[in-house]
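Structure, as structure tokens:
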There are 2 protein chains.
Amino acid sequence: MPEFLELLPPRDALARWMSSLSFSIESEEIETTAALGRVTSQAVVAAEPLPAFPRSTVDGYAVKAADTYGASDALPAYLQLIGEVPMGAAPEITLGPAQCALIHTGGMLPQGADAVVMLEYTQTTGRNEIEVLRAAAVGENVLKVGEDVDAGEVVIPAGTRLRAAEIGGLMALGFTRVRVAPRPRVGIISSGDEVVTPGQAVLPGQVRDVNTYTLSALVEHNGGIPVCYGITPDREEALYSKARQALDECDVVVISAGSSASTRDLTARVINRLGEPGVLVHGVNVRPGKPSILAVCDGKAAIGLPGNPVSALVIARLFLSPLLLALQGQQVRQEPVRLKARLTLNIASQAGREDWVPVRLEKDCSDGEAIYRAEPVFGKSNLIFTLARADGLLRIPPEANGVSAGEVVEVELLE
Amino acid sequence: MPEFLELLPPRDALARWMSSLSFSIESEEIETTAALGRVTSQAVVAAEPLPAFPRSTVDGYAVKAADTYGASDALPAYLQLIGEVPMGAAPEITLGPAQCALIHTGGMLPQGADAVVMLEYTQTTGRNEIEVLRAAAVGENVLKVGEDVDAGEVVIPAGTRLRAAEIGGLMALGFTRVRVAPRPRVGIISSGDEVVTPGQAVLPGQVRDVNTYTLSALVEHNGGIPVCYGITPDREEALYSKARQALDECDVVVISAGSSASTRDLTARVINRLGEPGVLVHGVNVRPGKPSILAVCDGKAAIGLPGNPVSALVIARLFLSPLLLALQGQQVRQEPVRLKARLTLNIASQAGREDWVPVRLEKDCSDGEAIYRAEPVFGKSNLIFTLARADGLLRIPPEANGVSAGEVVEVELLE
């Protein structure tokens, strides 16, 4: 297996691959209500300030702060009540000296007012007069114009994945449409003479396709559109013609190959025929998933994944997920979130190789440092239910020579 | 404000509310390919073992282990090569004594074989003979029948949210359809005389609706279907008739009310008219979001949220999210995942009250304990971009009297 002579660490393999691709982010305009999880393709700039008018943050009386200076329970300030601020409209009141207006939370300050006194610090004396029992500072209980956002401010940078808060922020500014990166199309091919469609009867020696579905789920999770090309036999022309079609129609092609040496070689040959420069990485120093292929074919990314379902999903998380984020121009958080957890059992590992071990997480509130306990789920990488029984993947870094029970480790959650 | 006399801690408020609801989980059968993120309504039981036949995990020769005992470089075992196992079919070979067959990774073991010798530990001597240079134990390099899953085994318990691995596991067993809990329908109403639809021109004193959209995103994230009923003015009959319709058509009703005391009272009155027992919790000892309402109306849940967008989202995460998981019967991980992070600044807090503070997270690889640094994003709870600028919410527990810079705190990521 000469192609395995040089086994790159995953980080270096990813860097070599990504640096051979150019990412020019396209842009499409969509409804903001449909933009959850999408990535902005240009900065969102506020056309107006937020709030657009000075607003009260409490129920009380809009006042001129100077009129309340020195006010106390013993020596209240007396103010003339000249009206009530309506909700949802500009007040038609202008405060003169020693005047005030009733105002509700969220109401617009009338002309002449510069503070709001909370209801609790006032008393009504008669029909048109109140006592203010505490002084208010200028700006007290008031949201200033532009306190959230200034006009012209970049409120959402390009490359931001839109969450609930950003969707709300866009609406607050009146942006009912937003420009985002198109969802990358990922062509998924399963190859293997033994692989059959799950809906089909299975004969001895055959197994049902798993990778098409786990990879589709991962693609969706990362904002891509999975395009499934089904199962091909382990014959070069059959695989090539399917891969050719997928590369023409999609932004990325993923082939989960059989696991034997000959089918791995077949995948590499087919990918090399798809375009220049072809295979850039063949073999990664990681377990599971060592016999993985990273390639660029005429400017588009292609990946050859091992056929074992656990290996395929681990490798897709390591390489396909960051690729999809990059194809959408996502700027923040290149690495997935990692939790600290305390390992319950010793795990052996080979120095120089990065290992990913499925673990179950249990909450451990007694542990000041880790919150969670991580219990390894042992099982061969052919066994999809090894992953189904796990909450996350524990990373054993290349420099480690295994991890001991009781150590605090980093775990990525499985999505 | 008599209803605030008894301020329950969030945990107790949630418990009081949830214990007044009965959760009978309905069930619907859907395509497995569309089931990502859905929750199983019954246990999935394997009808057959996985693997269904003994499989080789390597490229090599299927052998009888006993024929290789004592084999070494110096003293190889000589085996007669009687054929090759085809991929995807049962081999038509039966091994006799001192016989072997070529087999590929994933191939089915022939009759008579009980181990596989890796290609690396063999040499071919002539057309129909190989040398085995190392002994193989019974079962070596073989996936046994049922090693992943036994026939009759519960492979996915009821109440499991389906991730990529479970989707793959279902397909591996041939389950192209799966029974899941229906997605709960959540009626969302924004109330407020000052609130207008984002697409509309805004006059002085008016603000655009934010909560309909942030809450819709949260509902979707938790597997629910948001049903938006738009904006109602702060008049009891208008709000009541909209809430009545929402309660009739949905499983849950969420009203984000104005923030003034009078509109909060209005929401409580309307909810009490919707059905028995009505409001169960009015006021929670939490910031932001103290003036929240939790109710049960004729067996359905209703929530009154503060109008401030940050408060509304924080409270919805605390109460609506766990409700939606319970309505889908989700059994695992009742609390969202929390990260440990080291706080960069002092934060004051009132003992007895639970506080949630928006924070930005920065990766800190140098920190053995925390991985992340958490920097507070200060801003009033009226300001939606306070949340848009944050990665997560830091929880200050009720027993704490603030948190000091340098302390390790728990952060929930914003979705």
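Every chain in the structure tokens has a letter given in the order shown (A, B, ...), and although residue numbers restart at 1 in each chain, ligands are simply numbered from 1 in the order shown.
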If chain B is fitted onto chain A by least squares over all C-alpha atoms, taken pair by pair in sequence order, what do its new coordinates look like as a compact mmCIF listing (two decimals) with C-alpha atoms, in the first residue's frame?
```txt
# COMPACT_ATOMS: atom_id res chain seq x y z
CA MET B 1 0.09 -0.08 0.17
CA PRO B 2 2.50 2.60 -1.06
CA GLU B 3 -0.05 5.42 -0.71
CA PHE B 4 -0.02 4.95 3.06
CA LEU B 5 3.71 5.60 3.42
CA GLU B 6 3.04 9.19 4.30
CA LEU B 7 0.24 9.38 6.84
CA LEU B 8 -0.64 12.99 7.55
CA PRO B 9 -2.19 14.01 10.87
CA PRO B 10 -5.85 15.03 10.34
CA ARG B 11 -5.09 18.71 10.89
CA ASP B 12 -2.35 18.75 8.24
CA ALA B 13 -4.44 16.68 5.83
CA LEU B 14 -7.30 19.15 6.19
CA ALA B 15 -4.96 22.11 5.67
CA ARG B 16 -3.40 20.61 2.54
CA TRP B 17 -6.82 19.90 1.07
CA MET B 18 -8.49 23.20 1.95
CA SER B 19 -5.53 25.25 0.70
CA SER B 20 -5.93 23.60 -2.71
CA LEU B 21 -9.51 24.79 -3.03
CA SER B 22 -10.66 28.32 -3.75
CA PHE B 23 -13.78 29.46 -1.97
CA SER B 24 -15.71 32.13 -3.82
CA ILE B 25 -18.95 32.51 -1.95
CA GLU B 26 -22.01 33.04 -4.12
CA SER B 27 -25.02 34.85 -2.74
CA GLU B 28 -28.78 34.47 -2.87
CA GLU B 29 -31.55 36.50 -1.28
CA ILE B 30 -34.13 34.59 0.74
CA GLU B 31 -36.94 35.29 3.21
CA THR B 32 -35.57 35.94 6.69
CA THR B 33 -38.20 33.57 8.10
CA ALA B 34 -36.51 30.77 6.11
CA ALA B 35 -32.95 31.75 7.00
CA LEU B 36 -32.43 29.89 10.27
CA GLY B 37 -29.07 28.09 10.05
CA ARG B 38 -28.03 29.83 6.83
CA VAL B 39 -24.81 31.85 6.57
CA THR B 40 -24.78 35.54 5.61
CA SER B 41 -22.93 36.25 2.37
CA GLN B 42 -22.54 39.94 3.09
CA ALA B 43 -22.51 42.14 6.16
CA VAL B 44 -25.89 43.35 7.37
CA VAL B 45 -25.77 47.11 7.97
CA ALA B 46 -28.45 48.89 10.00
CA ALA B 47 -30.24 51.53 7.93
CA GLU B 48 -31.66 53.11 11.06
CA PRO B 49 -30.85 53.17 14.77
CA LEU B 50 -32.41 50.81 17.30
CA PRO B 51 -34.36 51.94 19.17
CA ALA B 52 -35.43 54.55 16.67
CA PHE B 53 -36.91 56.76 19.40
CA PRO B 54 -36.23 57.18 23.14
CA ARG B 55 -38.25 54.56 25.06
CA SER B 56 -39.18 54.06 28.66
CA THR B 57 -37.99 50.81 30.25
CA VAL B 58 -40.48 51.03 33.12
CA ASP B 59 -44.02 52.07 34.00
CA GLY B 60 -43.89 55.58 35.47
CA TYR B 61 -43.78 59.26 34.65
CA ALA B 62 -41.71 60.94 31.97
CA VAL B 63 -40.05 63.98 33.56
CA LYS B 64 -37.33 66.56 33.18
CA ALA B 65 -34.67 65.13 35.51
CA ALA B 66 -33.74 68.59 36.78
CA ASP B 67 -37.26 69.00 38.18
CA THR B 68 -36.68 66.02 40.51
CA TYR B 69 -33.30 66.96 41.97
CA GLY B 70 -33.27 66.69 45.74
CA ALA B 71 -36.66 64.96 45.86
CA SER B 72 -37.19 62.55 48.78
CA ASP B 73 -39.99 61.04 50.88
CA ALA B 74 -39.69 64.00 53.22
CA LEU B 75 -39.35 66.61 50.50
CA PRO B 76 -41.16 65.39 47.35
CA ALA B 77 -41.00 67.26 44.06
CA TYR B 78 -44.47 68.28 42.84
CA LEU B 79 -45.09 67.90 39.10
CA GLN B 80 -48.09 68.77 37.00
CA LEU B 81 -49.49 65.74 35.15
CA ILE B 82 -50.31 66.92 31.63
CA GLY B 83 -51.24 63.66 29.93
CA GLU B 84 -50.51 60.02 29.09
CA VAL B 85 -48.19 58.70 26.39
CA PRO B 86 -50.11 56.39 24.03
CA MET B 87 -48.48 53.08 23.10
CA GLY B 88 -47.46 52.82 19.48
CA ALA B 89 -47.69 56.49 18.59
CA ALA B 90 -45.66 59.64 19.07
CA PRO B 91 -46.95 61.58 22.08
CA GLU B 92 -48.50 64.92 21.22
CA ILE B 93 -47.31 66.35 24.50
CA THR B 94 -44.35 68.65 25.18
CA LEU B 95 -43.21 68.91 28.80
CA GLY B 96 -42.72 72.37 30.20
CA PRO B 97 -40.97 73.07 33.52
CA ALA B 98 -42.32 71.01 36.45
CA GLN B 99 -44.55 68.97 34.16
CA CYS B 100 -44.75 65.21 33.66
CA ALA B 101 -46.65 62.60 31.63
CA LEU B 102 -47.76 59.06 32.48
CA ILE B 103 -45.75 56.56 30.41
CA HIS B 104 -45.78 52.76 30.04
CA THR B 105 -42.90 50.38 29.46
CA GLY B 106 -41.86 50.71 25.83
CA GLY B 107 -43.59 54.07 25.37
CA MET B 108 -41.94 56.94 23.50
CA LEU B 109 -40.61 59.81 25.60
CA PRO B 110 -42.43 63.08 24.95
CA GLN B 111 -40.63 66.23 23.85
CA GLY B 112 -38.94 67.91 26.81
CA ALA B 113 -38.59 64.71 28.88
CA ASP B 114 -35.15 63.25 29.64
CA ALA B 115 -35.88 60.63 32.33
CA VAL B 116 -38.61 58.38 33.73
CA VAL B 117 -39.49 58.04 37.40
CA MET B 118 -40.81 54.59 38.35
CA LEU B 119 -44.40 54.43 39.51
CA GLU B 120 -43.19 53.04 42.85
CA TYR B 121 -41.38 56.32 43.65
CA THR B 122 -44.40 58.55 43.08
CA GLN B 123 -47.72 59.35 44.69
CA THR B 124 -50.77 60.98 43.18
CA THR B 125 -52.00 63.93 45.14
CA GLY B 126 -54.91 65.08 43.05
CA ARG B 127 -56.25 64.84 39.57
CA ASN B 128 -53.42 66.62 37.81
CA GLU B 129 -50.48 66.49 40.21
CA ILE B 130 -48.01 63.87 41.42
CA GLU B 131 -45.37 63.75 44.14
CA VAL B 132 -41.92 62.44 43.09
CA LEU B 133 -40.21 60.84 46.10
CA ARG B 134 -36.81 60.18 44.58
CA ALA B 135 -34.58 62.11 42.20
CA ALA B 136 -34.05 60.79 38.67
CA ALA B 137 -30.81 61.24 36.73
CA VAL B 138 -30.82 62.32 33.09
CA GLY B 139 -31.42 59.20 30.98
CA GLU B 140 -32.66 57.09 33.90
CA ASN B 141 -35.06 54.30 32.84
CA VAL B 142 -34.73 55.40 29.23
CA LEU B 143 -33.45 53.47 26.22
CA LYS B 144 -31.55 56.04 24.17
CA VAL B 145 -31.87 56.24 20.39
CA GLY B 146 -29.23 53.86 18.98
CA GLU B 147 -28.51 52.20 22.33
CA ASP B 148 -28.82 48.75 20.70
CA VAL B 149 -27.67 49.63 17.19
CA ASP B 150 -26.39 52.80 15.50
CA ALA B 151 -27.49 53.68 11.98
CA GLY B 152 -24.76 52.49 9.61
CA GLU B 153 -23.43 49.91 12.07
CA VAL B 154 -22.53 46.41 10.89
CA VAL B 155 -24.93 44.36 12.99
CA ILE B 156 -24.27 40.94 11.47
CA PRO B 157 -20.91 40.35 9.78
CA ALA B 158 -20.65 38.36 6.55
CA GLY B 159 -20.07 34.68 7.28
CA THR B 160 -22.39 34.49 10.29
CA ARG B 161 -24.62 31.44 10.77
CA LEU B 162 -28.05 32.82 11.60
CA ARG B 163 -29.53 31.72 14.92
CA ALA B 164 -32.80 32.74 16.60
CA ALA B 165 -31.23 35.97 17.91
CA GLU B 166 -29.98 37.09 14.48
CA ILE B 167 -33.33 36.29 12.86
CA GLY B 168 -34.96 38.47 15.52
CA GLY B 169 -32.38 41.20 15.01
CA LEU B 170 -32.99 41.25 11.26
CA MET B 171 -36.73 41.58 11.83
CA ALA B 172 -36.19 44.35 14.42
CA LEU B 173 -34.44 46.33 11.67
CA GLY B 174 -37.11 45.54 9.08
CA PHE B 175 -34.97 43.17 7.01
CA THR B 176 -37.57 40.63 5.91
CA ARG B 177 -35.12 39.29 3.30
CA VAL B 178 -31.45 38.51 3.73
CA ARG B 179 -28.53 37.60 1.47
CA VAL B 180 -26.99 34.24 2.31
CA ALA B 181 -24.60 31.74 0.79
CA PRO B 182 -26.33 29.03 -1.26
CA ARG B 183 -26.45 25.62 0.37
CA PRO B 184 -23.65 23.49 -1.10
CA ARG B 185 -24.84 20.41 -2.99
CA VAL B 186 -23.10 17.22 -1.91
CA GLY B 187 -23.28 14.20 -4.18
CA ILE B 188 -23.21 10.98 -2.16
CA ILE B 189 -22.29 7.63 -3.72
CA SER B 190 -22.13 4.29 -1.94
CA SER B 191 -20.03 1.68 -3.67
CA GLY B 192 -19.77 -2.01 -2.95
CA ASP B 193 -20.92 -5.25 -4.58
CA GLU B 194 -22.28 -6.35 -1.19
CA VAL B 195 -24.29 -3.17 -0.52
CA VAL B 196 -28.05 -3.06 -1.19
CA THR B 197 -30.79 -0.47 -0.74
CA PRO B 198 -32.41 -0.72 2.73
CA GLY B 199 -35.90 -1.24 1.29
CA GLN B 200 -34.80 -4.32 -0.59
CA ALA B 201 -34.71 -7.97 0.54
CA VAL B 202 -31.25 -8.94 1.75
CA LEU B 203 -29.56 -12.15 0.64
CA PRO B 204 -26.76 -13.90 2.52
CA GLY B 205 -23.54 -11.95 2.01
CA GLN B 206 -25.35 -8.64 1.43
CA VAL B 207 -25.60 -5.66 3.77
CA ARG B 208 -27.87 -2.64 3.63
CA ASP B 209 -26.56 0.79 2.72
CA VAL B 210 -25.98 2.90 5.83
CA ASN B 211 -23.52 5.57 4.73
CA THR B 212 -25.85 7.29 2.26
CA TYR B 213 -28.15 8.08 5.15
CA THR B 214 -25.69 8.98 7.90
CA LEU B 215 -23.79 11.21 5.47
CA SER B 216 -27.02 12.86 4.26
CA ALA B 217 -27.88 13.69 7.87
CA LEU B 218 -24.42 15.16 8.46
CA VAL B 219 -24.63 17.21 5.27
CA GLU B 220 -28.01 18.63 6.28
CA HIS B 221 -26.72 19.40 9.75
CA ASN B 222 -23.92 21.46 8.21
CA GLY B 223 -26.21 23.41 5.91
CA GLY B 224 -25.64 21.40 2.74
CA ILE B 225 -28.08 19.66 0.40
CA PRO B 226 -27.47 15.92 0.13
CA VAL B 227 -27.95 14.55 -3.39
CA CYS B 228 -28.01 10.77 -3.29
CA TYR B 229 -26.70 8.81 -6.29
CA GLY B 230 -27.40 5.37 -4.85
CA ILE B 231 -25.21 2.32 -4.88
CA THR B 232 -22.69 1.34 -7.54
CA PRO B 233 -20.91 -1.99 -7.92
CA ASP B 234 -17.12 -2.14 -7.48
CA ARG B 235 -16.39 -1.68 -11.18
CA GLU B 236 -14.34 1.25 -12.38
CA GLU B 237 -16.54 2.35 -15.29
CA ALA B 238 -19.75 2.15 -13.26
CA LEU B 239 -18.25 4.13 -10.39
CA TYR B 240 -16.59 6.61 -12.73
CA SER B 241 -19.74 7.44 -14.66
CA LYS B 242 -21.74 7.94 -11.46
CA ALA B 243 -18.97 10.07 -9.91
CA ARG B 244 -18.66 12.09 -13.12
CA GLN B 245 -22.37 12.88 -13.03
CA ALA B 246 -22.23 13.77 -9.33
CA LEU B 247 -19.24 16.08 -9.82
CA ASP B 248 -20.98 17.82 -12.73
CA GLU B 249 -24.19 18.33 -10.75
CA CYS B 250 -22.82 19.08 -7.28
CA ASP B 251 -20.24 21.15 -5.42
CA VAL B 252 -18.70 18.19 -3.61
CA VAL B 253 -18.61 14.44 -4.26
CA VAL B 254 -18.40 11.90 -1.46
CA ILE B 255 -17.77 8.25 -2.25
CA SER B 256 -18.02 5.76 0.55
CA ALA B 257 -16.07 2.88 -0.84
CA GLY B 258 -15.80 -0.71 0.13
CA SER B 259 -13.18 -1.38 2.76
CA SER B 260 -10.95 -3.84 0.96
CA ALA B 261 -7.63 -2.65 -0.42
CA SER B 262 -8.76 -3.25 -4.00
CA THR B 263 -11.93 -1.13 -3.69
CA ARG B 264 -9.92 1.63 -2.02
CA ASP B 265 -7.53 1.64 -4.96
CA LEU B 266 -10.52 1.68 -7.28
CA THR B 267 -11.89 4.82 -5.58
CA ALA B 268 -8.52 6.57 -5.86
CA ARG B 269 -8.24 5.69 -9.57
CA VAL B 270 -11.75 6.94 -10.27
CA ILE B 271 -11.19 10.19 -8.38
CA ASN B 272 -7.93 10.79 -10.23
CA ARG B 273 -9.82 10.49 -13.53
CA LEU B 274 -12.35 13.11 -12.46
CA GLY B 275 -10.01 16.09 -12.83
CA GLU B 276 -6.76 17.78 -11.87
CA PRO B 277 -4.90 17.61 -9.51
CA GLY B 278 -6.88 14.59 -8.21
CA VAL B 279 -5.94 12.79 -5.00
CA LEU B 280 -4.00 15.04 -2.59
CA VAL B 281 -4.17 12.94 0.56
CA HIS B 282 -4.41 9.16 0.60
CA GLY B 283 -4.31 7.88 4.14
CA VAL B 284 -4.66 9.90 7.35
CA ASN B 285 -3.06 9.13 10.69
CA VAL B 286 -6.34 8.67 12.51
CA ARG B 287 -8.41 5.83 13.86
CA PRO B 288 -10.94 4.92 12.72
CA GLY B 289 -10.72 6.01 9.09
CA LYS B 290 -7.06 5.71 8.13
CA PRO B 291 -7.68 4.77 4.46
CA SER B 292 -9.38 8.07 3.55
CA ILE B 293 -8.92 10.08 0.38
CA LEU B 294 -9.05 13.86 0.02
CA ALA B 295 -8.99 15.21 -3.50
CA VAL B 296 -9.60 18.25 -5.67
CA CYS B 297 -10.87 17.64 -9.21
CA ASP B 298 -10.98 20.68 -11.50
CA GLY B 299 -11.69 22.99 -8.57
CA LYS B 300 -14.28 20.82 -6.82
CA ALA B 301 -13.70 18.79 -3.67
CA ALA B 302 -13.98 15.00 -3.63
CA ILE B 303 -13.68 12.64 -0.68
CA GLY B 304 -13.20 8.90 -0.54
CA LEU B 305 -14.47 7.52 2.75
CA PRO B 306 -13.99 4.06 4.22
CA GLY B 307 -17.05 1.85 3.88
CA ASN B 308 -17.32 1.07 7.58
CA PRO B 309 -20.13 3.25 8.89
CA VAL B 310 -18.36 4.44 12.03
CA SER B 311 -15.18 5.28 10.11
CA ALA B 312 -17.18 7.03 7.41
CA LEU B 313 -19.02 9.25 9.89
CA VAL B 314 -15.93 10.07 11.96
CA ILE B 315 -13.98 11.06 8.84
CA ALA B 316 -16.88 13.01 7.39
CA ARG B 317 -17.10 15.00 10.62
CA LEU B 318 -13.36 15.73 10.44
CA PHE B 319 -13.23 16.77 6.79
CA LEU B 320 -16.65 17.16 5.18
CA SER B 321 -18.14 19.31 7.97
CA PRO B 322 -15.41 22.01 7.91
CA LEU B 323 -15.47 21.94 4.10
CA LEU B 324 -19.21 22.64 4.07
CA LEU B 325 -18.80 25.54 6.51
CA ALA B 326 -16.01 26.96 4.33
CA LEU B 327 -18.14 26.57 1.18
CA GLN B 328 -20.76 28.73 2.91
CA GLY B 329 -18.11 31.24 4.00
CA GLN B 330 -18.79 30.67 7.67
CA GLN B 331 -16.18 32.63 9.60
CA VAL B 332 -16.76 31.77 13.20
CA ARG B 333 -16.10 28.67 15.23
CA GLN B 334 -14.21 26.52 12.76
CA GLU B 335 -13.97 23.71 15.30
CA PRO B 336 -17.02 22.06 16.79
CA VAL B 337 -17.76 22.69 20.44
CA ARG B 338 -15.94 20.41 22.81
CA LEU B 339 -17.02 19.45 26.30
CA LYS B 340 -14.70 18.52 29.12
CA ALA B 341 -15.48 15.15 30.65
CA ARG B 342 -13.79 12.81 33.09
CA LEU B 343 -12.93 9.44 31.60
CA THR B 344 -14.16 6.35 33.47
CA LEU B 345 -11.84 3.72 31.96
CA ASN B 346 -8.31 3.49 30.60
CA ILE B 347 -8.05 3.68 26.80
CA ALA B 348 -4.93 2.59 24.97
CA SER B 349 -3.82 4.51 21.91
CA GLN B 350 -0.83 4.59 19.59
CA ALA B 351 1.38 7.66 19.93
CA GLY B 352 1.43 9.75 16.76
CA ARG B 353 -2.12 8.77 15.78
CA GLU B 354 -5.29 10.71 16.56
CA ASP B 355 -8.03 8.45 17.90
CA TRP B 356 -11.75 9.07 18.17
CA VAL B 357 -13.59 6.87 20.64
CA PRO B 358 -17.40 6.81 21.01
CA VAL B 359 -18.42 7.68 24.58
CA ARG B 360 -21.59 7.97 26.61
CA LEU B 361 -21.83 11.10 28.73
CA GLU B 362 -23.31 11.15 32.22
CA LYS B 363 -23.88 14.38 34.08
CA ASP B 364 -21.69 14.60 37.16
CA CYS B 365 -22.65 17.61 39.22
CA SER B 366 -20.22 16.71 41.97
CA ASP B 367 -17.25 17.27 39.67
CA GLY B 368 -16.04 20.87 39.84
CA GLU B 369 -13.94 20.58 36.74
CA ALA B 370 -15.72 18.47 34.20
CA ILE B 371 -19.55 18.40 34.61
CA TYR B 372 -19.68 15.12 32.64
CA ARG B 373 -18.31 11.61 32.98
CA ALA B 374 -17.36 9.91 29.71
CA GLU B 375 -17.72 6.15 29.43
CA PRO B 376 -16.23 4.54 26.32
CA VAL B 377 -18.54 2.51 24.08
CA PHE B 378 -16.28 -0.17 22.69
CA GLY B 379 -17.13 -1.76 19.39
CA LYS B 380 -15.61 -2.34 15.98
CA SER B 381 -15.88 0.45 13.44
CA ASN B 382 -18.13 -1.74 11.31
CA LEU B 383 -20.87 -1.51 13.92
CA ILE B 384 -23.19 1.44 13.42
CA PHE B 385 -24.92 0.86 16.75
CA THR B 386 -21.64 1.56 18.50
CA LEU B 387 -22.29 5.15 17.48
CA ALA B 388 -26.01 5.01 18.15
CA ARG B 389 -25.18 4.05 21.75
CA ALA B 390 -22.81 7.02 22.14
CA ASP B 391 -23.43 10.68 22.96
CA GLY B 392 -20.17 11.93 21.58
CA LEU B 393 -16.67 11.21 20.33
CA LEU B 394 -13.67 11.48 22.62
CA ARG B 395 -10.54 12.77 20.95
CA ILE B 396 -7.22 11.24 21.91
CA PRO B 397 -4.58 13.62 20.53
CA PRO B 398 -1.63 12.28 18.53
CA GLU B 399 0.88 13.17 21.25
CA ALA B 400 -0.94 11.02 23.84
CA ASN B 401 -0.05 7.43 24.56
CA GLY B 402 -3.56 6.50 25.62
CA VAL B 403 -5.68 8.11 28.31
CA SER B 404 -6.11 6.93 31.88
CA ALA B 405 -9.28 6.60 33.89
CA GLY B 406 -9.88 9.79 35.86
CA GLU B 407 -8.28 12.10 33.31
CA VAL B 408 -10.25 15.04 31.93
CA VAL B 409 -10.74 14.67 28.18
CA GLU B 410 -12.43 16.59 25.36
CA VAL B 411 -15.61 15.25 23.78
CA GLU B 412 -17.48 16.42 20.69
CA LEU B 413 -21.21 15.74 20.69
CA LEU B 414 -22.64 13.61 17.89
CA GLU B 415 -25.34 15.40 15.95
```
Those of stretch 36-74 of chain A in DSSP strand (DSSP E), formatted as a ChimeraX atom specification
/A:44-45,55-56,60-63
Would you mind exporting C-alpha atoms of the selected residues as a PDB file, in the first residue's frame?
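See out39.pdb below for the written result:
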```pdb
ATOM      1  CA  VAL A  44     -25.906  43.328   7.407  1.00  0.00           C
ATOM      2  CA  VAL A  45     -25.780  47.074   7.996  1.00  0.00           C
ATOM      3  CA  ARG A  55     -38.241  54.551  25.009  1.00  0.00           C
ATOM      4  CA  SER A  56     -39.166  54.056  28.625  1.00  0.00           C
ATOM      5  CA  GLY A  60     -43.871  55.573  35.430  1.00  0.00           C
ATOM      6  CA  TYR A  61     -43.759  59.267  34.615  1.00  0.00           C
ATOM      7  CA  ALA A  62     -41.697  60.954  31.924  1.00  0.00           C
ATOM      8  CA  VAL A  63     -40.030  63.973  33.510  1.00  0.00           C
TER       9      VAL A  63
END
```
In stretch 122-331 of chain B, DSSP alpha helix (DSSP H) residues written as a VMD selection string:
chain B and resid 164 to 172 211 to 221 236 to 249 261 to 274 309 to 315 321 to 327
